[in-house]
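Chemist: Data file model_34.cif (mmCIF, C-alpha atoms) is appended below.
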data_final
#
loop_
_atom_site.label_atom_id
_atom_site.label_comp_id
_atom_site.auth_asym_id
_atom_site.auth_seq_id
_atom_site.Cartn_x
_atom_site.Cartn_y
_atom_site.Cartn_z
CA MET A 1 -14.07 10.84 -24.57
CA ARG A 2 -10.81 12.52 -25.52
CA ARG A 3 -9.68 12.41 -29.09
CA GLY A 4 -7.25 9.56 -29.69
CA ILE A 5 -8.67 7.24 -27.03
CA LYS A 6 -9.95 3.97 -28.40
CA LYS A 7 -13.09 2.41 -26.96
CA GLY A 8 -11.40 -0.98 -26.86
CA TYR A 9 -7.85 -2.20 -26.45
CA ILE A 10 -5.98 -5.38 -25.58
CA VAL A 11 -4.12 -6.08 -22.35
CA ALA A 12 -1.66 -9.00 -22.39
CA ILE A 13 -1.09 -10.84 -19.12
CA ASP A 14 1.43 -13.69 -18.94
CA GLY A 15 3.02 -15.68 -16.16
CA PRO A 16 3.56 -19.14 -14.65
CA ALA A 17 0.91 -21.31 -13.01
CA GLY A 18 -0.22 -20.27 -9.55
CA ALA A 19 1.01 -16.67 -9.71
CA GLY A 20 -2.53 -15.36 -9.45
CA LYS A 21 -2.87 -14.13 -13.02
CA SER A 22 -6.21 -15.85 -13.63
CA THR A 23 -7.91 -14.16 -10.69
CA VAL A 24 -6.20 -10.86 -11.43
CA SER A 25 -7.22 -11.02 -15.09
CA ARG A 26 -10.84 -11.72 -14.24
CA LEU A 27 -11.05 -8.85 -11.74
CA LEU A 28 -9.21 -6.48 -14.07
CA ALA A 29 -11.71 -7.24 -16.83
CA LEU A 30 -14.52 -6.36 -14.41
CA GLU A 31 -12.74 -3.19 -13.29
CA LEU A 32 -12.28 -2.03 -16.87
CA SER A 33 -15.78 -3.16 -17.97
CA GLY A 34 -14.13 -5.45 -20.48
CA ARG A 35 -13.95 -9.08 -21.49
CA LEU A 36 -11.58 -11.82 -20.40
CA LEU A 37 -10.01 -14.24 -22.88
CA ASP A 38 -8.52 -17.12 -20.91
CA THR A 39 -6.23 -18.74 -23.47
CA GLY A 40 -5.17 -21.37 -20.96
CA ALA A 41 -8.76 -22.60 -20.92
CA MET A 42 -8.52 -23.08 -24.68
CA TYR A 43 -5.55 -25.42 -24.32
CA ARG A 44 -7.26 -27.12 -21.39
CA SER A 45 -10.29 -27.66 -23.61
CA VAL A 46 -8.17 -29.54 -26.13
CA ALA A 47 -6.73 -31.61 -23.29
CA TYR A 48 -10.19 -32.24 -21.83
CA TYR A 49 -11.64 -33.60 -25.07
CA ALA A 50 -8.46 -35.53 -25.84
CA SER A 51 -8.59 -37.29 -22.46
CA HIS A 52 -12.22 -38.29 -22.99
CA LYS A 53 -11.48 -39.63 -26.46
CA ASN A 54 -8.22 -41.30 -25.40
CA ILE A 55 -6.28 -39.31 -27.98
CA THR A 56 -2.53 -39.13 -27.36
CA THR A 57 -0.94 -38.05 -30.65
CA ALA A 58 0.05 -34.63 -32.00
CA THR A 59 -2.17 -35.20 -35.05
CA GLY A 60 -5.12 -36.03 -32.82
CA PHE A 61 -4.57 -32.98 -30.58
CA SER A 62 -4.35 -30.69 -33.61
CA LYS A 63 -7.56 -32.13 -35.05
CA ILE A 64 -9.44 -31.43 -31.82
CA ALA A 65 -8.10 -27.86 -31.74
CA ARG A 66 -9.38 -27.25 -35.27
CA GLU A 67 -12.82 -28.65 -34.45
CA LEU A 68 -13.46 -26.65 -31.28
CA THR A 69 -15.52 -23.46 -31.37
CA PHE A 70 -15.19 -20.71 -28.79
CA GLY A 71 -17.54 -18.03 -27.58
CA TYR A 72 -18.13 -15.84 -24.55
CA ASP A 73 -20.65 -15.98 -21.72
CA ALA A 74 -20.94 -12.35 -20.60
CA LYS A 75 -23.09 -13.18 -17.58
CA ASN A 76 -20.51 -15.54 -16.05
CA GLN A 77 -17.48 -13.87 -17.68
CA SER A 78 -16.34 -17.21 -19.01
CA LEU A 79 -15.22 -18.93 -22.19
CA LEU A 80 -17.73 -21.11 -23.98
CA VAL A 81 -16.41 -24.24 -25.66
CA ASN A 82 -18.66 -25.77 -28.29
CA GLY A 83 -21.45 -23.67 -26.82
CA GLN A 84 -21.03 -24.78 -23.22
CA GLU A 85 -19.16 -23.71 -20.12
CA LEU A 86 -16.85 -26.50 -18.95
CA GLY A 87 -15.95 -24.74 -15.69
CA GLN A 88 -14.09 -26.82 -13.12
CA ARG A 89 -13.89 -29.75 -15.52
CA LEU A 90 -10.97 -27.89 -17.08
CA ARG A 91 -9.21 -27.39 -13.72
CA THR A 92 -8.49 -30.95 -12.63
CA GLN A 93 -4.90 -32.05 -12.09
CA ARG A 94 -5.25 -34.53 -14.96
CA VAL A 95 -6.38 -31.91 -17.45
CA SER A 96 -3.79 -29.41 -16.20
CA GLY A 97 -0.97 -31.88 -16.76
CA LEU A 98 -2.16 -32.86 -20.22
CA ALA A 99 -2.75 -29.22 -21.20
CA SER A 100 0.95 -28.48 -20.74
CA LYS A 101 1.80 -31.40 -23.01
CA VAL A 102 -0.81 -30.45 -25.60
CA SER A 103 0.38 -26.83 -25.72
CA ALA A 104 3.85 -27.89 -26.82
CA PHE A 105 2.66 -29.05 -30.25
CA LYS A 106 3.05 -26.58 -33.11
CA GLY A 107 -0.20 -27.55 -34.84
CA VAL A 108 -2.25 -26.92 -31.71
CA ARG A 109 -0.54 -23.60 -31.00
CA GLN A 110 -0.95 -22.32 -34.54
CA THR A 111 -4.67 -23.10 -34.56
CA LEU A 112 -5.39 -21.63 -31.14
CA THR A 113 -3.16 -18.59 -31.63
CA ALA A 114 -5.08 -17.69 -34.80
CA CYS A 115 -8.36 -18.15 -32.92
CA GLN A 116 -7.15 -16.00 -29.99
CA ARG A 117 -6.17 -13.16 -32.30
CA LYS A 118 -9.50 -13.29 -34.10
CA LEU A 119 -11.58 -13.33 -30.92
CA ALA A 120 -9.65 -10.62 -29.08
CA LYS A 121 -9.54 -8.24 -32.05
CA ALA A 122 -13.27 -8.65 -32.62
CA TRP A 123 -14.12 -8.06 -28.95
CA ALA A 124 -11.74 -5.09 -28.70
CA GLN A 125 -13.89 -3.17 -31.17
CA ASP A 126 -16.35 -2.58 -28.33
CA CYS A 127 -14.47 -2.88 -25.04
CA PRO A 128 -11.11 -3.61 -23.36
CA VAL A 129 -10.03 -7.24 -23.68
CA ILE A 130 -7.81 -8.90 -21.09
CA VAL A 131 -5.93 -11.78 -22.72
CA GLU A 132 -4.36 -14.15 -20.23
CA GLY A 133 -1.84 -16.88 -20.99
CA ARG A 134 1.84 -17.72 -21.31
CA ASP A 135 2.83 -16.32 -24.71
CA ILE A 136 0.42 -13.42 -25.15
CA GLY A 137 2.89 -10.54 -24.97
CA THR A 138 5.61 -12.39 -26.87
CA VAL A 139 3.74 -14.27 -29.62
CA VAL A 140 -0.01 -13.73 -29.77
CA PHE A 141 -0.02 -9.93 -29.34
CA PRO A 142 3.59 -8.72 -29.29
CA LYS A 143 2.68 -5.12 -30.28
CA VAL A 144 -0.05 -4.23 -27.78
CA ASP A 145 0.49 -1.23 -25.50
CA TYR A 146 -0.32 -2.94 -22.21
CA LYS A 147 1.69 -5.96 -21.10
CA PHE A 148 2.13 -7.49 -17.65
CA TYR A 149 4.09 -10.52 -16.48
CA VAL A 150 2.60 -11.81 -13.24
CA THR A 151 4.86 -14.01 -11.14
CA ALA A 152 5.44 -15.11 -7.53
CA ASP A 153 7.80 -17.20 -5.43
CA PRO A 154 7.33 -20.94 -6.27
CA LYS A 155 6.46 -21.80 -2.64
CA VAL A 156 3.84 -19.05 -2.52
CA ARG A 157 2.34 -20.26 -5.78
CA ALA A 158 2.19 -23.84 -4.50
CA GLU A 159 0.49 -22.76 -1.28
CA ARG A 160 -2.15 -20.82 -3.22
CA ARG A 161 -2.87 -23.77 -5.46
CA TYR A 162 -3.05 -26.09 -2.46
CA GLN A 163 -5.62 -23.86 -0.74
CA GLN A 164 -7.60 -23.55 -3.97
CA LEU A 165 -7.81 -27.31 -4.42
CA LYS A 166 -8.80 -27.82 -0.77
CA LYS A 167 -11.57 -25.26 -1.19
CA GLN A 168 -12.80 -27.17 -4.22
CA GLY A 169 -12.98 -30.34 -2.14
CA SER A 170 -10.03 -32.13 -3.76
CA LYS A 171 -8.57 -34.96 -1.71
CA GLY A 172 -5.26 -36.78 -1.68
CA ILE A 173 -3.24 -33.67 -2.45
CA SER A 174 -0.08 -32.40 -0.76
CA LEU A 175 1.76 -29.11 -0.82
CA LYS A 176 5.01 -30.90 -1.69
CA ALA A 177 3.44 -32.61 -4.73
CA ILE A 178 1.93 -29.36 -5.97
CA LEU A 179 5.26 -27.55 -5.63
CA LYS A 180 6.98 -30.26 -7.66
CA ALA A 181 4.22 -30.20 -10.29
CA ASN A 182 4.53 -26.42 -10.62
CA ILE A 183 8.31 -26.60 -11.00
CA ASP A 184 8.00 -29.38 -13.60
CA ARG A 185 5.38 -27.42 -15.52
CA ASP A 186 7.48 -24.25 -15.44
CA LYS A 187 10.38 -26.18 -16.97
CA GLN A 188 8.14 -27.73 -19.61
CA ASP A 189 6.44 -24.44 -20.52
CA SER A 190 9.68 -22.44 -20.54
CA GLY A 191 11.64 -25.08 -22.42
CA ARG A 192 9.16 -25.97 -25.15
CA LYS A 193 10.25 -25.26 -28.71
CA HIS A 194 7.16 -23.39 -29.82
CA ALA A 195 6.15 -20.17 -28.01
CA PRO A 196 7.84 -20.87 -24.67
CA LEU A 197 6.79 -19.11 -21.49
CA LYS A 198 8.93 -16.00 -21.02
CA CYS A 199 8.59 -12.39 -20.05
CA ALA A 200 8.31 -9.93 -22.93
CA GLU A 201 11.06 -7.32 -22.88
CA ASP A 202 8.53 -4.48 -22.69
CA ALA A 203 6.23 -6.12 -20.11
CA ILE A 204 5.83 -4.79 -16.59
CA VAL A 205 6.79 -7.50 -14.09
CA VAL A 206 4.39 -7.80 -11.15
CA ASP A 207 5.61 -10.02 -8.30
CA THR A 208 2.51 -10.96 -6.32
CA SER A 209 4.35 -12.84 -3.55
CA LYS A 210 3.65 -10.09 -1.02
CA MET A 211 0.76 -8.34 -2.74
CA SER A 212 -2.96 -8.89 -2.35
CA ILE A 213 -5.10 -9.52 -5.40
CA ASN A 214 -6.76 -6.13 -4.97
CA GLN A 215 -3.38 -4.39 -4.83
CA VAL A 216 -2.33 -6.04 -8.08
CA VAL A 217 -5.57 -5.11 -9.84
CA GLN A 218 -5.34 -1.53 -8.59
CA PHE A 219 -1.72 -1.25 -9.80
CA MET A 220 -2.61 -2.52 -13.27
CA THR A 221 -5.72 -0.36 -13.52
CA GLU A 222 -3.83 2.80 -12.58
CA HIS A 223 -1.06 2.00 -15.06
CA ILE A 224 -3.50 1.40 -17.93
CA LYS A 225 -5.68 4.43 -17.23
CA GLY A 226 -2.58 6.56 -16.75
CA ARG A 227 -1.27 5.64 -20.17
CA ILE A 228 -4.69 6.13 -21.77
CA SER A 229 -4.82 9.65 -20.29
CA LEU A 230 -1.44 10.46 -21.80
CA VAL A 231 -2.63 9.27 -25.22
CA GLY A 232 -5.60 11.60 -25.03
CA GLU A 233 -3.64 14.68 -24.00
#
Go ahead and express the file in the form of structure tokens.
Modeler:
Amino acid sequence: MRRGIKKGYIVAIDGPAGAGKSTVSRLLALELSGRLLDTGAMYRSVAYYASHKNITTATGFSKIARELTFGYDAKNQSLLVNGQELGQRLRTQRVSGLASKVSAFKGVRQTLTACQRKLAKAWAQDCPVIVEGRDIGTVVFPKVDYKFYVTADPKVRAERRYQQLKKQGSKGISLKAILKANIDRDKQDSGRKHAPLKCAEDAIVVDTSKMSINQVVQFMTEHIKGRISLVGE
């Protein structure tokens, strides 16, 4: 290993829903032999427990966020919530919609942001950590060396989500409804007062509209390894 190269580092990946950043982040973590921190799953976890407890207030959401514990399942490359993997239970339309609402509250964001920083910094002592979300490069880790903003045309994003839901066996869905939901969520995430979705000034924008997942992962990998090589020169 060249002098100056750290064993671990943090990669920030932001972007709107349906742009492909979740799949890209997971594959990039595998490519770099690192760990994935899906911060969206953390907000979805708050929404999931809130929906089951019929909690609808900012105080209630914040309380849930403080009570949750997070870990990592290396075998499945997934986030553990209170010691268990919630999987597709966090990906329903109901949870997705509530997660956007939950994430707008300052108390929830402060709690989860602190948790994200603690987890990622601890993991990065041993390996690269890919942190995926909507405010990673602007708020959570504004000073990391590697930042990407993954985006795509709204219609392309809606089509991807539609195919994903069909594959999962979801019924009663339509491409038109998904497109509208994505547009509404973009407005809500970008317009929220606390840590809105936006591209960091020093992030590399990756438009995946006409790129395959493998092409995106290869581009990011080459960029990261290229910069690491320069550091070690």
Chemist: Would you mind telling me which residue in A:Val46, A:Val150, A:Leu90, A:Ala12 lies nearest to Asp207 of chain A when using all atoms listed in the file?
Modeler: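 Among A:Val46, A:Val150, A:Leu90, A:Ala12, it is A:Val150 that comes nearest to Asp207 of chain A.
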Chemist: Step by step, work through what the PyMOL selection byres ((chain A and resi 130) around 7) selects in the shown file, and finish by giving those residues as an NGL selection string.
Modeler: :A and (10-12 or 25 or 29 or 35-37 or 128-129 or 131-132)
Chemist: Identify, on the basis of only C-alpha atoms, every residue whose closest approach to segment 96-100 of chain A does not exceed 10 Å; exclude the query and any residue fewer than 4 positions from it along the same chain; express the result as a PyMOL selection string.
Modeler: chain A and resi 17+40-48+50-51+56+90-92+104-105+181-182+184-186+188-189+192
Chemist: At most 12 Å from (-18.1, -16.8, -26.0), file frame, all atoms listed in the file: which residues, as a list in words?
Modeler: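 Output: Arg35, Leu36, Leu37, Asp38, Met42, Thr69, Phe70, Gly71, Tyr72, Asp73, Ala74, Lys75, Asn76, Gln77, Ser78, Leu79, Leu80, Val81, Asn82, Gly83, Gln84, Glu85, Gln116, Leu119, Ala120, Ala122 and Trp123 of chain A.
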Chemist: Segment 217-222 of chain A: which residues within 12 Å, counting all atoms listed in the file, same-chain residues fewer than 3 positions away excluded, as a VMD selection string?
Modeler: chain A and resid 11 to 13 20 to 33 128 130 146 to 150 203 to 208 211 to 214 225 to 229
Chemist: Can you take segment 93-113 of chain A from the block and write N, CA, C and O atoms as a PDB file, in the first residue's frame?
Modeler:
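Wrote selection-v4.pdb, looks like this:
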ATOM      1  N   GLN A  93     -45.125   1.289  -0.792  1.00  0.00           N
ATOM      2  CA  GLN A  93     -45.504   2.657  -1.159  1.00  0.00           C
ATOM      3  C   GLN A  93     -45.906   3.452   0.082  1.00  0.00           C
ATOM      4  O   GLN A  93     -45.616   4.642   0.198  1.00  0.00           O
ATOM      5  N   ARG A  94     -46.577   2.786   1.025  1.00  0.00           N
ATOM      6  CA  ARG A  94     -47.026   3.462   2.239  1.00  0.00           C
ATOM      7  C   ARG A  94     -45.837   3.960   3.064  1.00  0.00           C
ATOM      8  O   ARG A  94     -45.815   5.119   3.500  1.00  0.00           O
ATOM      9  N   VAL A  95     -44.866   3.093   3.254  1.00  0.00           N
ATOM     10  CA  VAL A  95     -43.690   3.471   4.028  1.00  0.00           C
ATOM     11  C   VAL A  95     -42.876   4.531   3.291  1.00  0.00           C
ATOM     12  O   VAL A  95     -42.370   5.480   3.908  1.00  0.00           O
ATOM     13  N   SER A  96     -42.766   4.401   1.972  1.00  0.00           N
ATOM     14  CA  SER A  96     -42.017   5.378   1.181  1.00  0.00           C
ATOM     15  C   SER A  96     -42.611   6.774   1.325  1.00  0.00           C
ATOM     16  O   SER A  96     -41.882   7.758   1.504  1.00  0.00           O
ATOM     17  N   GLY A  97     -43.940   6.855   1.236  1.00  0.00           N
ATOM     18  CA  GLY A  97     -44.604   8.144   1.356  1.00  0.00           C
ATOM     19  C   GLY A  97     -44.430   8.762   2.730  1.00  0.00           C
ATOM     20  O   GLY A  97     -44.166   9.967   2.864  1.00  0.00           O
ATOM     21  N   LEU A  98     -44.544   7.931   3.766  1.00  0.00           N
ATOM     22  CA  LEU A  98     -44.410   8.433   5.128  1.00  0.00           C
ATOM     23  C   LEU A  98     -42.961   8.795   5.440  1.00  0.00           C
ATOM     24  O   LEU A  98     -42.700   9.748   6.185  1.00  0.00           O
ATOM     25  N   ALA A  99     -42.024   8.080   4.843  1.00  0.00           N
ATOM     26  CA  ALA A  99     -40.602   8.356   5.088  1.00  0.00           C
ATOM     27  C   ALA A  99     -40.235   9.764   4.646  1.00  0.00           C
ATOM     28  O   ALA A  99     -39.453  10.460   5.308  1.00  0.00           O
ATOM     29  N   SER A 100     -40.799  10.199   3.534  1.00  0.00           N
ATOM     30  CA  SER A 100     -40.531  11.556   3.048  1.00  0.00           C
ATOM     31  C   SER A 100     -41.058  12.588   4.032  1.00  0.00           C
ATOM     32  O   SER A 100     -40.420  13.615   4.288  1.00  0.00           O
ATOM     33  N   LYS A 101     -42.211  12.308   4.615  1.00  0.00           N
ATOM     34  CA  LYS A 101     -42.801  13.217   5.606  1.00  0.00           C
ATOM     35  C   LYS A 101     -41.966  13.226   6.884  1.00  0.00           C
ATOM     36  O   LYS A 101     -41.649  14.287   7.440  1.00  0.00           O
ATOM     37  N   VAL A 102     -41.603  12.038   7.338  1.00  0.00           N
ATOM     38  CA  VAL A 102     -40.823  11.891   8.565  1.00  0.00           C
ATOM     39  C   VAL A 102     -39.480  12.615   8.459  1.00  0.00           C
ATOM     40  O   VAL A 102     -39.013  13.265   9.396  1.00  0.00           O
ATOM     41  N   SER A 103     -38.854  12.517   7.283  1.00  0.00           N
ATOM     42  CA  SER A 103     -37.518  13.078   7.101  1.00  0.00           C
ATOM     43  C   SER A 103     -37.486  14.597   7.118  1.00  0.00           C
ATOM     44  O   SER A 103     -36.407  15.200   7.188  1.00  0.00           O
ATOM     45  N   ALA A 104     -38.643  15.224   7.067  1.00  0.00           N
ATOM     46  CA  ALA A 104     -38.703  16.685   7.066  1.00  0.00           C
ATOM     47  C   ALA A 104     -38.572  17.281   8.466  1.00  0.00           C
ATOM     48  O   ALA A 104     -38.331  18.485   8.606  1.00  0.00           O
ATOM     49  N   PHE A 105     -38.714  16.448   9.496  1.00  0.00           N
ATOM     50  CA  PHE A 105     -38.692  16.965  10.867  1.00  0.00           C
ATOM     51  C   PHE A 105     -37.260  17.069  11.403  1.00  0.00           C
ATOM     52  O   PHE A 105     -36.469  16.126  11.311  1.00  0.00           O
ATOM     53  N   LYS A 106     -36.955  18.219  11.971  1.00  0.00           N
ATOM     54  CA  LYS A 106     -35.612  18.521  12.450  1.00  0.00           C
ATOM     55  C   LYS A 106     -35.132  17.523  13.492  1.00  0.00           C
ATOM     56  O   LYS A 106     -33.978  17.072  13.457  1.00  0.00           O
ATOM     57  N   GLY A 107     -35.996  17.162  14.435  1.00  0.00           N
ATOM     58  CA  GLY A 107     -35.604  16.239  15.496  1.00  0.00           C
ATOM     59  C   GLY A 107     -35.185  14.886  14.958  1.00  0.00           C
ATOM     60  O   GLY A 107     -34.202  14.289  15.429  1.00  0.00           O
ATOM     61  N   VAL A 108     -35.912  14.390  13.967  1.00  0.00           N
ATOM     62  CA  VAL A 108     -35.584  13.103  13.349  1.00  0.00           C
ATOM     63  C   VAL A 108     -34.250  13.204  12.626  1.00  0.00           C
ATOM     64  O   VAL A 108     -33.368  12.346  12.764  1.00  0.00           O
ATOM     65  N   ARG A 109     -34.075  14.268  11.848  1.00  0.00           N
ATOM     66  CA  ARG A 109     -32.854  14.433  11.060  1.00  0.00           C
ATOM     67  C   ARG A 109     -31.624  14.573  11.955  1.00  0.00           C
ATOM     68  O   ARG A 109     -30.572  13.994  11.671  1.00  0.00           O
ATOM     69  N   GLN A 110     -31.744  15.332  13.020  1.00  0.00           N
ATOM     70  CA  GLN A 110     -30.604  15.505  13.911  1.00  0.00           C
ATOM     71  C   GLN A 110     -30.168  14.179  14.522  1.00  0.00           C
ATOM     72  O   GLN A 110     -28.974  13.873  14.591  1.00  0.00           O
ATOM     73  N   THR A 111     -31.140  13.398  14.963  1.00  0.00           N
ATOM     74  CA  THR A 111     -30.832  12.103  15.579  1.00  0.00           C
ATOM     75  C   THR A 111     -30.194  11.147  14.586  1.00  0.00           C
ATOM     76  O   THR A 111     -29.155  10.531  14.873  1.00  0.00           O
ATOM     77  N   LEU A 112     -30.788  11.031  13.402  1.00  0.00           N
ATOM     78  CA  LEU A 112     -30.275  10.080  12.424  1.00  0.00           C
ATOM     79  C   LEU A 112     -28.975  10.546  11.788  1.00  0.00           C
ATOM     80  O   LEU A 112     -28.103   9.726  11.475  1.00  0.00           O
ATOM     81  N   THR A 113     -28.819  11.855  11.614  1.00  0.00           N
ATOM     82  CA  THR A 113     -27.556  12.369  11.069  1.00  0.00           C
ATOM     83  C   THR A 113     -26.394  12.035  12.003  1.00  0.00           C
ATOM     84  O   THR A 113     -25.323  11.600  11.565  1.00  0.00           O
TER      85      THR A 113
END
